[in-house]
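Visitor: Structure provided below as structure tokens; questions to follow.
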Amino acid sequence: MTNQLKLVTKTSMQPGGLQLSRLVQGYWRLSEWGLSAQDCLSFVQSHLALGISSVDHAHVYGHPSCEMLFGQALKLKKGLRDEIEIISKCGIIPSQADTIGHYNFSQRTIMAQVENSLKQLGTDYLDVLLLHRPDYLMDADEVAQLFLLLKKQGKVKYFGVSNFTASQFSLLQSRLDFPLVTNQIEMNPVNLSVFDSGILDELQQRRCRPMAWSCLAGGAIFTVDNPQSMRIKKELEVLVEELNAQSIEQVIYAWIMRHPSSPLPVLGSGNIARIALAVDSLSLSLNHEQWYRVWCASKGQAVP
């Protein structure tokens, strides 16, 4: 760990609104890490010491439930809940023996999933609730009514979405008298579609900051042996030298954060050393030409 680790500070998700840590710790793989409750508590305390206070969950993550495992760790230290911001998601109905997986934003479904998350986590409230993936049958008025109820009951402080298009985001926002705080979207050098989709333009227009998931493209840049990944990796390795970075992971995080919508990367590692490296990426800054070199490497061509 370096002396730069104190760089992680809180940042506003929209003017005068919710504050989250500049990096978010994702817990979607917690059930795969093989941690005891005490080990999990130690991990939470370690990333808190780096300034990462915001944690990302969803009711569908993990078998056993990652929210349950995290809740067991929270119980071990009184007051720990007050030191963190818990983000969770709802709206996915997993496949079962007699039903296919689908999305459902009905009031009954959202309420039941929120109640389940609160129970699993052992908390009275969520700092942020996100609609996990767009439900094409979403009734925006119905969702807005439930958001107001959850807010009034004190079960959820802030609301946002995940994987929404610009128009889907705008539709839901039109029914609310308070701002959605984020759209959690996939951002990485492998999948560049987000830059042409209008999502980031919509968020910039509303001065609402995205959260970026799958920043490392699920490891594809490191493990997939295809022309695109090889081009990206080669360019990132050059940038490691130019930026005096420690790893290409750091350059990827810096590349994502360079976008003027100021995304908050969601980290997926359970290795605190890798988390510390991600923290150090906050000190890196790419210029225009360096950013576009990664874009061109991904595309396999120069800009038009």
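By convention here, the chains of the structure tokens are called A, B, ... in the order presented, each chain's residues are numbered starting at 1, and ligands are numbered starting at 1 in the order presented.
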When you look at A:Lys89 with a cut-off of 8 Å (counting only C-alpha atoms), what residues show up, excluding the ones that are within fewer than 3 positions of it in the same chain? I need them as a PyMOL selection string.
Guide: chain A and resi 57-59+129-132
Visitor: Give the strand (DSSP E) residues of stretch 35-265 of chain A, as assigned by DSSP on the backbone, as a ChimeraX atom specification.
Guide: /A:54-56,85-90,92-93,102-103,126-131,156-162,183-186,211-213,264-265
Visitor: Residues within 9 Å of A:Val181, please, as number ranges by chain. Count only C-alpha atoms; anything in the same chain fewer than 5 positions from it doesn't count.
Guide: A: 13-14, 17-18, 128, 158-161, 208-210
Visitor: Can you pull out the residues contacting A:Ile199? Cut-off 7 Å, using only C-alpha atoms, and skip same-chain residues under 3 positions away; I want them as number ranges by chain.
Guide: A: 165-166, 194, 202-203
Visitor: Just N, CA, C and O atoms for this one: save the residues we selected as a PDB file, in the first residue's frame.
Guide:
```pdb
ATOM      1  N   THR A 165     -31.713   2.387 -20.541  1.00  0.00           N
ATOM      2  CA  THR A 165     -31.415   3.264 -21.656  1.00  0.00           C
ATOM      3  C   THR A 165     -31.707   4.704 -21.238  1.00  0.00           C
ATOM      4  O   THR A 165     -32.327   4.956 -20.190  1.00  0.00           O
ATOM      5  N   ALA A 166     -31.285   5.646 -22.061  1.00  0.00           N
ATOM      6  CA  ALA A 166     -31.537   7.054 -21.758  1.00  0.00           C
ATOM      7  C   ALA A 166     -33.027   7.336 -21.682  1.00  0.00           C
ATOM      8  O   ALA A 166     -33.502   8.055 -20.794  1.00  0.00           O
ATOM      9  N   VAL A 194     -21.714   1.888 -24.811  1.00  0.00           N
ATOM     10  CA  VAL A 194     -22.258   2.890 -23.896  1.00  0.00           C
ATOM     11  C   VAL A 194     -21.958   4.309 -24.373  1.00  0.00           C
ATOM     12  O   VAL A 194     -22.722   5.243 -24.124  1.00  0.00           O
ATOM     13  N   GLU A 202     -27.363  11.644 -21.438  1.00  0.00           N
ATOM     14  CA  GLU A 202     -28.521  11.901 -20.575  1.00  0.00           C
ATOM     15  C   GLU A 202     -28.077  12.190 -19.138  1.00  0.00           C
ATOM     16  O   GLU A 202     -28.567  13.130 -18.496  1.00  0.00           O
ATOM     17  N   LEU A 203     -27.138  11.399 -18.635  1.00  0.00           N
ATOM     18  CA  LEU A 203     -26.678  11.583 -17.263  1.00  0.00           C
ATOM     19  C   LEU A 203     -25.921  12.893 -17.104  1.00  0.00           C
ATOM     20  O   LEU A 203     -26.090  13.605 -16.104  1.00  0.00           O
TER      21      LEU A 203
END
```
Visitor: May I ask which of the residues A:Val190, A:Leu118, A:Ala73, A:Leu200 is the closest one to A:Pro260, counting only C-alpha atoms?
Guide: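 Selected residue with least distance to A:Pro260: A:Leu200.
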Visitor: Quick one: residues within 6 Å of stretch 20-37 of chain A, only C-alpha atoms, excluding same-chain residues fewer than 6 positions away - as a list in words?
Guide: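 In the requested format, the answer is Val8, Thr9, Lys10, Thr11, Ile52, Ser53, Ser54, Val55, Asp56, His57, Tyr61, Gly62, Cys66, Gln72, Ala73, Leu264, Pro265, Val266, Leu267 and Gly268 of chain A.
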